[in-house]
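> Just dropping this structure here.
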There are 2 protein chains.
Amino acid sequence: MIDKLEYILALAREKHFGRAAEACGVTQPTLSAGVRQLEQQMGVLLVNRGSRFQGFTPEGERVLDWARRIVGDARAMRDEINTLRSGLSGVLRIAAIPTALAMVAALTTPYRERHPNVQFTIYSRTSLEILELLENLEIDAGITYLGNEPLGRVNSIPLYSERYRLLTSADAPLGGRETVTWAEVAQVPLCLLTPDMQNRRIINRLLKATGVEPRPTLESDSMILLFSHVRTGRWASVMPAKLAETLGLTDTLRAIPITHPEAVQEIGLVVPAREPMTPVAGALVDEARRIAKSLDAS
Amino acid sequence: MIDKLEYILALAREKHFGRAAEACGVTQPTLSAGVRQLEQQMGVLLVNRGSRFQGFTPEGERVLDWARRIVGDARAMRDEINTLRSGLSGVLRIAAIPTALAMVAALTTPYRERHPNVQFTIYSRTSLEILELLENLEIDAGITYLGNEPLGRVNSIPLYSERYRLLTSADAPLGGRETVTWAEVAQVPLCLLTPDMQNRRIINRLLKATGVEPRPTLESDSMILLFSHVRTGRWASVMPAKLAETLGLTDTLRAIPITHPEAVQEIGLVVPAREPMTPVAGALVDEARRIAKSLDAS
DNA sequence: TCGTTCGATAGACATTCTCTATCGACAGAT
DNA sequence: ATCTGTCGATAGAGAATGTCTATCGAACGA
């Protein structure tokens with residue numbers, strides 16, 4: 001039964017019988033039969049089929065919702081028993097928004113001290129993708145914006161507040177200032193994240209509030225790329241303070257606080273709202289609670 | 001997988017492989033094999049075995065806890081899909097404490113108006129038994145005391161407040177009074193519920209608070225039996241006001257408010273803390289919310 | 001019109017499940 | 001100490017289910 005539920009979860013992810021089957025490690029007819037069996041047990045069609053996969057019926061969507069929960073609980077049970085048996089081990093899968101990637105190490109390093117047998121897999125994803133991965137049980141935790149856009153069925157633990165800096169070389173027009181305003185920033189040609197990133201949407205909102213349509217000279221989905229451009233001294237960008245510090249400031253490269261308004265975004269750890277949590281996720285939450293204060297103070 | 005989890009749930013209930021197997025509709029070797037298979041998948045012993053069933057290991061207890069949730073969710077999923085398919089139908093299993101039995105009709109009657117295809121099964125149980133039945137997925141809802149003793153993983157909806165009356169014939173010593181005190185009640189020979197009932201424990205506490213050791217002349221686990229004795233005019237009892245009214249008062253049979261202190265116990269509907277609820281349980285909660293006010297006003 | 005992709009179907013083989021029958025260990029009675 | 005009944009484990013046969021390979025037919029795009 002539970003394996004059939006895994007089939008439809010895979011089908012929801014892949015939207016394709018063949019690929020879903022491959023993801024489950026079975027052949028396509030096996031997956032087809034599994035889905036059909038579920039449909040017979042429920043007495044309703046769950047999947048709209050033409051000659052292609054055409055999405056789920058309303059009943060299918062409900063079953064999907066339950067399947068996520070049941071499969072997630074079944075895995076959590078396994079994990080918990082394994083932990084009871086042989087201590088915390090296994091793989092901890094985390095996804096983080098690009099602007100938070102630099103601080104993940106602050107979480108993983110003390111975690112690893114305490115639990116050396118846990119492997120990490122860390123993805124860089126947009127905030128929306130992170131929530132989808134959490135939904136689909138493909139990650140154990142996310143690090144993303146809290147409270148901006150709706151989060152779904154998750155628990156969140158605040159980690160720190162993102163505050164914005166204009167990253168620019170000292171000899172650029174605004175380079176000598178102690179603070180700048182968003183209105184001033186709006187006049188500078190900027191390197192920014194692509195608009196599918198929530199960070200970019202937030203910055204857009206702040207710039208638009210000054211009455212100026214943001215028109216960046218360069219867009220990328222990689223913070224490293226943005227930073228390397230700024231470092232040449234000929235470009236500027238807007239970045240969270242913490243990230244700018246991590247990447248390294250020099251005499252000629254300055255991170256100038258942007259005030260008026262002083263924009264603050266809460267960043268936090270997000271885990272599935274499951275009671276109790278899987279042990280690996282639970283330990284991560286403990287770690288997050290521990291370091292939250294020190295991070296925010298810095 | 002899920003059926004194996006049902007096996008250990010049955011085993012926890014029955015504490016006996018043979019009976020558990022029968023409850024699951026399989027033979028004893030089948031159930032034994034199922035439990036063994038679970039143990040192999042988990043890599044730990046779940047059940048302590050001698051030549052008898054000797055309870056669960058700590059890991060077994062944890063698996064049991066997860067099993068309750070997973071099996072409950074799987075059933076809730078089935079129920080929800082069945083409801084989507086053919087409207088609200090099936091069986092609604094409720095257990096209520098004896099003193100609340102008389103008001104169950106206030107809940108089931110409007111429920112049946114709205115959902116005529118639902119069958120009811122209603123048990124009379126102690127408050128502790130009700131919580132155990134809820135835990136073991138043997139009932140869909142309970143009606144019991146709220147907030148007195150710990151409830152567990154459930155949601156509760158207040159229904160009404162239980163207030164106590166001395167039920168006695170008009171020509172008995174206290175029969176002419178408008179109100180009586182608990183100290184006075186303590187002097188009267190009473191018919192009371194057996195001490196495994198929370199109602200009795202509450203009354204005991206109230207009587208003891210006056211400094212008198214309660215010594216009932218008659219005990220029973222049936223309110224009907226208590227009431228029929230009082231009705232002869234030669235016995236007295238302490239009953240919730242609502243119950244006394246339902247059973248019927250006459251000129252010679254009076255229900256006298258007991259004050260000093262005026263004891264009030266919240267009674268409410270209790271359902272498993274599952275999100276979303278099964279449709280039959282959800283509809284019952286709706287009904288409870290609807291009638292709660294009118295009940296309490298009367 | 002042809003070729004390709006996708007999911008369903010058929011049929012063979014493997015695995016798993018479940019049953020009946022029986023065993024061995026233990027508890028309590030004699 | 002021995003007998004007896006109960007309980008759960010085990011063995012082995014047969015049934016049911018699951019999974020695979022091979023192939024089909026519909027739909028879509030070139």
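Residue numbers start at 1 in each chain; chains themselves are named A, B, ... in the order of the structure tokens; ligands are numbered from 1 in the order shown.
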Enumerate, as a PyMOL selection string, the complete set of residues in range 106-161 of chain B that a backbone-based DSSP assignment places in strand (DSSP E or B).
chain B and resi 118-124+141-145+154-161
> Based on only C-alpha atoms (C1' of nucleotides), which of the residues in chain A come within 12 Å of chain C? I want them as a count of residues only.
20
> Output as CSV one row per residue of chain A within 8 Å of chain B: the closest atom pair and its distance in Å to one decimal place, counting only C-alpha atoms, sorted by chain and residue number ascending.

```
residue,atom,partner,partner_atom,distance
A:Met1,CA,B:Met1,CA,6.5
A:Ile2,CA,B:Met1,CA,6.5
A:Met42,CA,B:Arg78,CA,6.5
A:Gly43,CA,B:Asn82,CA,7.8
A:Val44,CA,B:Arg85,CA,7.3
A:Glu59,CA,B:Ile81,CA,6.4
A:Arg62,CA,B:Ile81,CA,7.7
A:Val63,CA,B:Met77,CA,6.7
A:Trp66,CA,B:Met77,CA,6.3
A:Ile70,CA,B:Ile70,CA,5.8
A:Asp73,CA,B:Ile70,CA,6.7
A:Ala74,CA,B:Ile70,CA,7.1
A:Met77,CA,B:Trp66,CA,6.3
A:Arg78,CA,B:Met42,CA,6.5
A:Ile81,CA,B:Glu59,CA,6.4
A:Asn82,CA,B:Met42,CA,7.2
A:Leu84,CA,B:Glu59,CA,7.4
A:Arg85,CA,B:Val44,CA,7.4
```
> Restricting it to N, CA and C atoms, dump the selection as a PDB file, in the first residue's frame.

```
ATOM      1  N   MET A   1       0.824  -1.206   0.000  1.00  0.00           N
ATOM      2  CA  MET A   1       0.000   0.000   0.000  1.00  0.00           C
ATOM      3  C   MET A   1       0.864   1.264   0.000  1.00  0.00           C
ATOM      4  N   ILE A   2       1.795   1.339   0.964  1.00  0.00           N
ATOM      5  CA  ILE A   2       2.617   2.545   1.053  1.00  0.00           C
ATOM      6  C   ILE A   2       3.451   2.725  -0.209  1.00  0.00           C
ATOM      7  N   MET A  42      -9.796   2.650  -4.062  1.00  0.00           N
ATOM      8  CA  MET A  42     -10.521   3.863  -3.689  1.00  0.00           C
ATOM      9  C   MET A  42     -11.872   3.930  -4.401  1.00  0.00           C
ATOM     10  N   GLY A  43     -11.967   3.217  -5.516  1.00  0.00           N
ATOM     11  CA  GLY A  43     -13.217   3.269  -6.258  1.00  0.00           C
ATOM     12  C   GLY A  43     -13.394   4.527  -7.085  1.00  0.00           C
ATOM     13  N   VAL A  44     -12.319   5.263  -7.324  1.00  0.00           N
ATOM     14  CA  VAL A  44     -12.384   6.488  -8.134  1.00  0.00           C
ATOM     15  C   VAL A  44     -11.134   6.557  -9.008  1.00  0.00           C
ATOM     16  N   GLU A  59     -10.144  13.963  -6.656  1.00  0.00           N
ATOM     17  CA  GLU A  59      -9.902  12.909  -5.672  1.00  0.00           C
ATOM     18  C   GLU A  59      -8.424  12.558  -5.621  1.00  0.00           C
ATOM     19  N   ARG A  62      -6.518  14.891  -3.482  1.00  0.00           N
ATOM     20  CA  ARG A  62      -6.682  14.618  -2.048  1.00  0.00           C
ATOM     21  C   ARG A  62      -5.835  13.425  -1.634  1.00  0.00           C
ATOM     22  N   VAL A  63      -5.868  12.378  -2.450  1.00  0.00           N
ATOM     23  CA  VAL A  63      -5.069  11.200  -2.122  1.00  0.00           C
ATOM     24  C   VAL A  63      -3.591  11.596  -2.066  1.00  0.00           C
ATOM     25  N   TRP A  66      -2.780  13.146   1.247  1.00  0.00           N
ATOM     26  CA  TRP A  66      -2.639  12.128   2.284  1.00  0.00           C
ATOM     27  C   TRP A  66      -1.377  11.321   2.071  1.00  0.00           C
ATOM     28  N   ILE A  70       1.371  10.273   4.768  1.00  0.00           N
ATOM     29  CA  ILE A  70       1.548   8.890   5.204  1.00  0.00           C
ATOM     30  C   ILE A  70       2.957   8.411   4.870  1.00  0.00           C
ATOM     31  N   ASP A  73       5.415  10.045   7.178  1.00  0.00           N
ATOM     32  CA  ASP A  73       5.408   9.462   8.512  1.00  0.00           C
ATOM     33  C   ASP A  73       6.086   8.103   8.518  1.00  0.00           C
ATOM     34  N   ALA A  74       5.847   7.324   7.482  1.00  0.00           N
ATOM     35  CA  ALA A  74       6.464   5.996   7.426  1.00  0.00           C
ATOM     36  C   ALA A  74       7.990   6.133   7.401  1.00  0.00           C
ATOM     37  N   MET A  77       9.244   7.206  10.770  1.00  0.00           N
ATOM     38  CA  MET A  77       9.274   6.072  11.696  1.00  0.00           C
ATOM     39  C   MET A  77      10.557   5.272  11.502  1.00  0.00           C
ATOM     40  N   ARG A  78      10.844   4.925  10.268  1.00  0.00           N
ATOM     41  CA  ARG A  78      12.074   4.193   9.985  1.00  0.00           C
ATOM     42  C   ARG A  78      13.289   4.926  10.532  1.00  0.00           C
ATOM     43  N   ILE A  81      13.572   4.784  14.325  1.00  0.00           N
ATOM     44  CA  ILE A  81      14.011   3.497  14.855  1.00  0.00           C
ATOM     45  C   ILE A  81      15.495   3.276  14.547  1.00  0.00           C
ATOM     46  N   ASN A  82      15.904   3.642  13.341  1.00  0.00           N
ATOM     47  CA  ASN A  82      17.323   3.518  13.021  1.00  0.00           C
ATOM     48  C   ASN A  82      18.175   4.337  13.973  1.00  0.00           C
ATOM     49  N   LEU A  84      17.397   5.169  17.077  1.00  0.00           N
ATOM     50  CA  LEU A  84      17.408   4.489  18.370  1.00  0.00           C
ATOM     51  C   LEU A  84      18.415   3.359  18.363  1.00  0.00           C
ATOM     52  N   ARG A  85      18.538   2.725  17.198  1.00  0.00           N
ATOM     53  CA  ARG A  85      19.367   1.532  17.108  1.00  0.00           C
ATOM     54  C   ARG A  85      20.843   1.902  17.038  1.00  0.00           C
TER      55      ARG A  85
END
```
> Quick check: residues of chain D within 10 Å of chain B, only C-alpha atoms (C1' of nucleotides), returned as a count of residues only.
5
> Can you tell me which residues surround Ser89 in chain B at a distance of at most 12 Å, considering only C-alpha atoms (C1' of nucleotides), apart from same-chain residues fewer than 6 positions away, and format the answer as a PyMOL selection string?
chain B and resi 78-83+111-112+114-120+278-281+283
